[in-house]
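**Q** PDB, C-alpha atoms, file coords03.pdb:
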```pdb
ATOM      1  CA  MET V   1       0.000   0.000   0.000  1.00  0.00           C
ATOM      2  CA  HIS V   2       1.148   3.588  -0.637  1.00  0.00           C
ATOM      3  CA  TYR V   3       0.661   6.242   2.065  1.00  0.00           C
ATOM      4  CA  ARG V   4       0.098   9.968   1.506  1.00  0.00           C
ATOM      5  CA  GLU V   5      -1.063  12.695   3.895  1.00  0.00           C
ATOM      6  CA  GLY V   6      -2.974  15.790   2.887  1.00  0.00           C
ATOM      7  CA  ALA V   7       0.115  17.910   3.565  1.00  0.00           C
ATOM      8  CA  GLY V   8       1.935  16.114   0.731  1.00  0.00           C
ATOM      9  CA  ARG V   9       4.043  13.889   2.969  1.00  0.00           C
ATOM     10  CA  GLU V  10       4.177  10.350   1.657  1.00  0.00           C
ATOM     11  CA  VAL V  11       5.793   6.955   1.973  1.00  0.00           C
ATOM     12  CA  ASP V  12       6.428   4.802  -1.080  1.00  0.00           C
ATOM     13  CA  LEU V  13       5.312   1.534   0.485  1.00  0.00           C
ATOM     14  CA  VAL V  14       3.634   0.268   3.646  1.00  0.00           C
ATOM     15  CA  VAL V  15       3.992  -3.478   4.133  1.00  0.00           C
ATOM     16  CA  GLU V  16       1.168  -4.746   6.298  1.00  0.00           C
ATOM     17  CA  ARG V  17       2.274  -7.520   8.622  1.00  0.00           C
ATOM     18  CA  GLY V  18      -0.277  -7.740  11.363  1.00  0.00           C
ATOM     19  CA  LEU V  19       0.166  -4.965  13.901  1.00  0.00           C
ATOM     20  CA  ASP V  20       3.853  -4.403  13.072  1.00  0.00           C
ATOM     21  CA  PRO V  21       3.928  -2.607   9.706  1.00  0.00           C
ATOM     22  CA  ILE V  22       7.019  -1.754   7.681  1.00  0.00           C
ATOM     23  CA  VAL V  23       7.248   1.699   6.078  1.00  0.00           C
ATOM     24  CA  VAL V  24       9.555   1.891   3.074  1.00  0.00           C
ATOM     25  CA  GLU V  25      11.053   4.747   1.110  1.00  0.00           C
ATOM     26  CA  ILE V  26      12.621   3.805  -2.240  1.00  0.00           C
ATOM     27  CA  LYS V  27      15.455   5.923  -3.622  1.00  0.00           C
ATOM     28  CA  SER V  28      17.564   5.730  -6.786  1.00  0.00           C
ATOM     29  CA  SER V  29      20.614   7.282  -5.120  1.00  0.00           C
ATOM     30  CA  VAL V  30      23.860   5.306  -4.808  1.00  0.00           C
ATOM     31  CA  THR V  31      24.822   7.440  -1.805  1.00  0.00           C
ATOM     32  CA  PRO V  32      22.842   6.501   1.322  1.00  0.00           C
ATOM     33  CA  PRO V  33      20.030   9.084   1.532  1.00  0.00           C
ATOM     34  CA  LEU V  34      20.082   9.674   5.300  1.00  0.00           C
ATOM     35  CA  ASP V  35      17.393  12.361   5.028  1.00  0.00           C
ATOM     36  CA  ALA V  36      14.981   9.643   3.849  1.00  0.00           C
ATOM     37  CA  ALA V  37      14.903   8.306   7.419  1.00  0.00           C
ATOM     38  CA  ARG V  38      13.385  11.588   8.610  1.00  0.00           C
ATOM     39  CA  ALA V  39      10.829  11.482   5.791  1.00  0.00           C
ATOM     40  CA  LEU V  40       9.407   8.242   7.195  1.00  0.00           C
ATOM     41  CA  GLN V  41       8.688   9.665  10.651  1.00  0.00           C
ATOM     42  CA  PRO V  42       5.306  11.344   9.918  1.00  0.00           C
ATOM     43  CA  ALA V  43       3.900   8.046   8.621  1.00  0.00           C
ATOM     44  CA  VAL V  44       5.234   6.216  11.677  1.00  0.00           C
ATOM     45  CA  GLU V  45       3.571   8.737  13.990  1.00  0.00           C
ATOM     46  CA  THR V  46       0.261   8.477  12.121  1.00  0.00           C
ATOM     47  CA  LEU V  47       0.270   4.673  12.291  1.00  0.00           C
ATOM     48  CA  GLU V  48       1.071   4.763  16.004  1.00  0.00           C
ATOM     49  CA  LYS V  49      -1.644   7.361  16.774  1.00  0.00           C
ATOM     50  CA  ALA V  50      -4.236   5.383  14.846  1.00  0.00           C
ATOM     51  CA  SER V  51      -3.358   2.296  16.906  1.00  0.00           C
ATOM     52  CA  ILE V  52      -2.620   0.461  13.677  1.00  0.00           C
ATOM     53  CA  ALA V  53       0.799  -0.403  15.047  1.00  0.00           C
ATOM     54  CA  SER V  54       0.760  -2.311  18.326  1.00  0.00           C
ATOM     55  CA  ARG V  55       4.438  -2.702  19.106  1.00  0.00           C
ATOM     56  CA  SER V  56       6.681  -1.160  16.522  1.00  0.00           C
ATOM     57  CA  VAL V  57       6.881   0.228  13.042  1.00  0.00           C
ATOM     58  CA  THR V  58       9.937  -0.902  11.088  1.00  0.00           C
ATOM     59  CA  LYS V  59      11.505   1.795   8.906  1.00  0.00           C
ATOM     60  CA  ARG V  60      13.453   0.872   5.767  1.00  0.00           C
ATOM     61  CA  VAL V  61      15.042   2.757   2.919  1.00  0.00           C
ATOM     62  CA  VAL V  62      15.799   0.789  -0.241  1.00  0.00           C
ATOM     63  CA  TYR V  63      18.499   2.472  -2.319  1.00  0.00           C
ATOM     64  CA  ALA V  64      20.933   1.840  -5.184  1.00  0.00           C
ATOM     65  CA  GLY V  65      24.078   1.621  -3.054  1.00  0.00           C
ATOM     66  CA  SER V  66      25.931  -1.450  -1.854  1.00  0.00           C
ATOM     67  CA  GLU V  67      26.098  -1.109   1.948  1.00  0.00           C
ATOM     68  CA  ARG V  68      23.417  -2.479   4.282  1.00  0.00           C
ATOM     69  CA  PHE V  69      23.319  -0.657   7.613  1.00  0.00           C
ATOM     70  CA  THR V  70      21.085   0.920  10.243  1.00  0.00           C
ATOM     71  CA  ALA V  71      21.103   4.642  11.066  1.00  0.00           C
ATOM     72  CA  GLN V  72      18.604   6.841  12.896  1.00  0.00           C
ATOM     73  CA  GLY V  73      16.508   3.760  13.679  1.00  0.00           C
ATOM     74  CA  THR V  74      16.117   3.031   9.971  1.00  0.00           C
ATOM     75  CA  GLU V  75      17.462   0.062   8.036  1.00  0.00           C
ATOM     76  CA  PHE V  76      19.112   0.997   4.729  1.00  0.00           C
ATOM     77  CA  VAL V  77      18.963  -1.871   2.231  1.00  0.00           C
ATOM     78  CA  PRO V  78      20.619  -1.946  -1.208  1.00  0.00           C
ATOM     79  CA  TRP V  79      18.318  -2.962  -4.054  1.00  0.00           C
ATOM     80  CA  ASN V  80      20.350  -6.096  -4.713  1.00  0.00           C
ATOM     81  CA  GLN V  81      19.765  -7.294  -1.132  1.00  0.00           C
ATOM     82  CA  VAL V  82      15.989  -6.755  -0.941  1.00  0.00           C
ATOM     83  CA  ALA V  83      15.300 -10.496  -1.295  1.00  0.00           C
ATOM     84  CA  ASP V  84      17.505 -11.164   1.748  1.00  0.00           C
ATOM     85  CA  VAL V  85      15.376  -9.019   4.081  1.00  0.00           C
ATOM     86  CA  ALA V  86      12.454 -10.346   6.138  1.00  0.00           C
ATOM     87  CA  TRP V  87       9.256  -8.705   4.871  1.00  0.00           C
ATOM     88  CA  GLU V  88       6.697 -10.656   6.865  1.00  0.00           C
TER      89      GLU V  88
END
```
Represent the structure contained in this file as structure tokens.
**A**
Amino acid sequence: MHYREGAGREVDLVVERGLDPIVVEIKSSVTPPLDAARALQPAVETLEKASIASRSVTKRVVYAGSERFTAQGTEFVPWNQVADVAWE
């Protein structure tokens, strides 16, 4: 599912997995787009306020680089490693 607020803030993908959704931003940049982690926060807050998320919302950024890492509570995953990540 795609998520967009009236204020124009959006998330490229919301993976529904029970009460622990995953919000995903997809970027074409080879350089890790650290600002994308901040862009996910409004969606996380909305899901938490709506009680759609019971325990936690996982934040991921899929990008064109080669390094998989976590920063600012967000997992950064290279496109070529997407199949190696747990999505359910």
**Q** Under the rule that only C-alpha atoms are counted, which of V:Ala64, V:Val77, V:Ala50, V:Val82 is the nearest residue to Leu19 in chain V?
**A**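 Among the listed residues, the smallest separation from Leu19 in chain V belongs to V:Ala50.
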**Q** For Glu10 in chain V, which residue out of V:Gln81, V:Thr74, V:Thr58, V:Thr46 is the nearest one, using all atoms listed in the file?
**A** V:Thr46
**Q** Would you please work out which residue, of V:Lys59, V:Glu67, V:Glu45, V:Pro78, is nearest to Lys27 in chain V when using all atoms listed in the file?
**A** V:Pro78
**Q** Between V:Leu34, V:Val15, V:Val23, V:Ser29, which one has atoms that come closest to Phe69 in chain V, using all atoms listed in the file?
**A**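 Ranking V:Leu34, V:Val15, V:Val23, V:Ser29 by distance to Phe69 in chain V, first place goes to V:Leu34.
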**Q** Mind giving me the straight-line distance from CA of Val57 in chain V to CA of Val44 in chain V in Å, one decimal?
**A** 6.4 Å
**Q** May I ask for the distance between CA of Leu13 in chain V and CA of Ala83 in chain V, given in Å to one decimal place?
**A** 15.7 Å
**Q** What does the distance from CA of Gln41 in chain V to CA of Tyr63 in chain V come to in Å, to one decimal?
**A**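 Between these atoms lies a distance of 17.8 Å.
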**Q** Using only C-alpha atoms, determine which residues lie at most 12 Å from Ile22 in chain V, disregarding the query and same-chain residues fewer than 3 positions distant; provide the list as a PyMOL selection string.
**A** chain V and resi 1-3+11-19+25+40-41+43-44+47+52-53+55-61+74-75+85-88
**Q** Rank V:Val62, V:Asp84, V:Gly73, V:Arg68 by their smallest atom-to-atom distance to Ile26 in chain V, using all atoms listed in the file, and report the top residue only.
**A** V:Val62
**Q** Please report, as AutoDock Vina command-line options, the centre and edge lengths in Å to one decimal of an axis-aligned box covering all listed atoms of range 38-46 of chain V with 6 Å per side.
**A**
```
--center_x 6.8 --center_y 8.9 --center_z 9.9 --size_x 25.1 --size_y 17.4 --size_z 20.2
```
**Q** How would range 16-56 of chain V of the given structure read as a file with N, CA and C atoms, as a compact mmCIF listing (two decimals), in the first residue's frame?
**A**
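Contents of part-v2.txt, as written:
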```
# COMPACT_ATOMS: atom_id res chain seq x y z
N GLU V 16 2.01 -4.37 5.18
CA GLU V 16 1.17 -4.75 6.30
C GLU V 16 1.57 -6.14 6.77
N ARG V 17 1.96 -6.21 8.02
CA ARG V 17 2.27 -7.52 8.62
C ARG V 17 1.70 -7.53 10.03
N GLY V 18 0.42 -7.77 10.08
CA GLY V 18 -0.28 -7.74 11.36
C GLY V 18 -0.25 -6.34 11.96
N LEU V 19 0.12 -6.26 13.22
CA LEU V 19 0.17 -4.97 13.90
C LEU V 19 1.57 -4.38 13.95
N ASP V 20 2.47 -4.90 13.13
CA ASP V 20 3.85 -4.40 13.07
C ASP V 20 4.21 -4.06 11.63
N PRO V 21 3.69 -2.95 11.11
CA PRO V 21 3.93 -2.61 9.71
C PRO V 21 5.37 -2.19 9.43
N ILE V 22 5.72 -2.22 8.15
CA ILE V 22 7.02 -1.75 7.68
C ILE V 22 6.75 -0.59 6.74
N VAL V 23 7.35 0.57 7.01
CA VAL V 23 7.25 1.70 6.08
C VAL V 23 8.54 1.77 5.28
N VAL V 24 8.41 1.97 3.97
CA VAL V 24 9.55 1.89 3.07
C VAL V 24 9.61 3.10 2.16
N GLU V 25 10.77 3.68 2.08
CA GLU V 25 11.05 4.75 1.11
C GLU V 25 12.02 4.14 0.10
N ILE V 26 11.78 4.37 -1.18
CA ILE V 26 12.62 3.81 -2.24
C ILE V 26 13.32 4.95 -2.96
N LYS V 27 14.65 4.86 -3.03
CA LYS V 27 15.45 5.92 -3.62
C LYS V 27 16.37 5.36 -4.70
N SER V 28 16.67 6.16 -5.70
CA SER V 28 17.56 5.73 -6.79
C SER V 28 19.02 6.12 -6.52
N SER V 29 19.27 6.80 -5.44
CA SER V 29 20.61 7.28 -5.12
C SER V 29 21.57 6.16 -4.74
N VAL V 30 22.81 6.25 -5.20
CA VAL V 30 23.86 5.31 -4.81
C VAL V 30 24.39 5.68 -3.43
N THR V 31 24.40 6.96 -3.12
CA THR V 31 24.82 7.44 -1.80
C THR V 31 23.67 7.24 -0.82
N PRO V 32 23.93 6.71 0.36
CA PRO V 32 22.84 6.50 1.32
C PRO V 32 22.10 7.80 1.62
N PRO V 33 20.82 7.86 1.32
CA PRO V 33 20.03 9.08 1.53
C PRO V 33 19.55 9.18 2.98
N LEU V 34 20.41 9.65 3.87
CA LEU V 34 20.08 9.67 5.30
C LEU V 34 18.85 10.52 5.61
N ASP V 35 18.58 11.53 4.80
CA ASP V 35 17.39 12.36 5.03
C ASP V 35 16.10 11.58 4.79
N ALA V 36 16.17 10.46 4.08
CA ALA V 36 14.98 9.64 3.85
C ALA V 36 14.46 9.04 5.15
N ALA V 37 15.33 8.83 6.12
CA ALA V 37 14.90 8.31 7.42
C ALA V 37 13.95 9.29 8.10
N ARG V 38 14.27 10.57 8.02
CA ARG V 38 13.39 11.59 8.61
C ARG V 38 12.05 11.66 7.88
N ALA V 39 12.06 11.41 6.58
CA ALA V 39 10.83 11.48 5.79
C ALA V 39 9.82 10.41 6.19
N LEU V 40 10.29 9.33 6.78
CA LEU V 40 9.41 8.24 7.19
C LEU V 40 8.67 8.54 8.50
N GLN V 41 9.20 9.44 9.30
CA GLN V 41 8.69 9.66 10.65
C GLN V 41 7.22 10.09 10.70
N PRO V 42 6.73 11.00 9.84
CA PRO V 42 5.31 11.34 9.92
C PRO V 42 4.38 10.14 9.73
N ALA V 43 4.72 9.24 8.83
CA ALA V 43 3.90 8.05 8.62
C ALA V 43 3.93 7.15 9.85
N VAL V 44 5.10 7.02 10.46
CA VAL V 44 5.23 6.22 11.68
C VAL V 44 4.34 6.79 12.77
N GLU V 45 4.39 8.09 12.95
CA GLU V 45 3.57 8.74 13.99
C GLU V 45 2.08 8.55 13.72
N THR V 46 1.67 8.66 12.47
CA THR V 46 0.26 8.48 12.12
C THR V 46 -0.18 7.05 12.40
N LEU V 47 0.62 6.07 12.04
CA LEU V 47 0.27 4.67 12.29
C LEU V 47 0.17 4.40 13.79
N GLU V 48 1.09 4.97 14.56
CA GLU V 48 1.07 4.76 16.00
C GLU V 48 -0.15 5.43 16.65
N LYS V 49 -0.48 6.65 16.22
CA LYS V 49 -1.64 7.36 16.77
C LYS V 49 -2.95 6.66 16.44
N ALA V 50 -3.01 6.06 15.27
CA ALA V 50 -4.24 5.38 14.85
C ALA V 50 -4.35 3.99 15.44
N SER V 51 -3.40 3.62 16.28
CA SER V 51 -3.36 2.30 16.91
C SER V 51 -3.31 1.18 15.87
N ILE V 52 -2.79 1.48 14.70
CA ILE V 52 -2.62 0.46 13.68
C ILE V 52 -1.38 -0.35 14.00
N ALA V 53 -0.43 0.28 14.67
CA ALA V 53 0.80 -0.40 15.05
C ALA V 53 0.75 -0.70 16.54
N SER V 54 0.86 -1.96 16.91
CA SER V 54 0.76 -2.31 18.33
C SER V 54 2.09 -2.20 19.05
N ARG V 55 3.15 -2.69 18.42
CA ARG V 55 4.44 -2.70 19.11
C ARG V 55 5.43 -1.77 18.45
N SER V 56 5.66 -1.97 17.17
CA SER V 56 6.68 -1.16 16.52
C SER V 56 6.42 -1.05 15.03
```
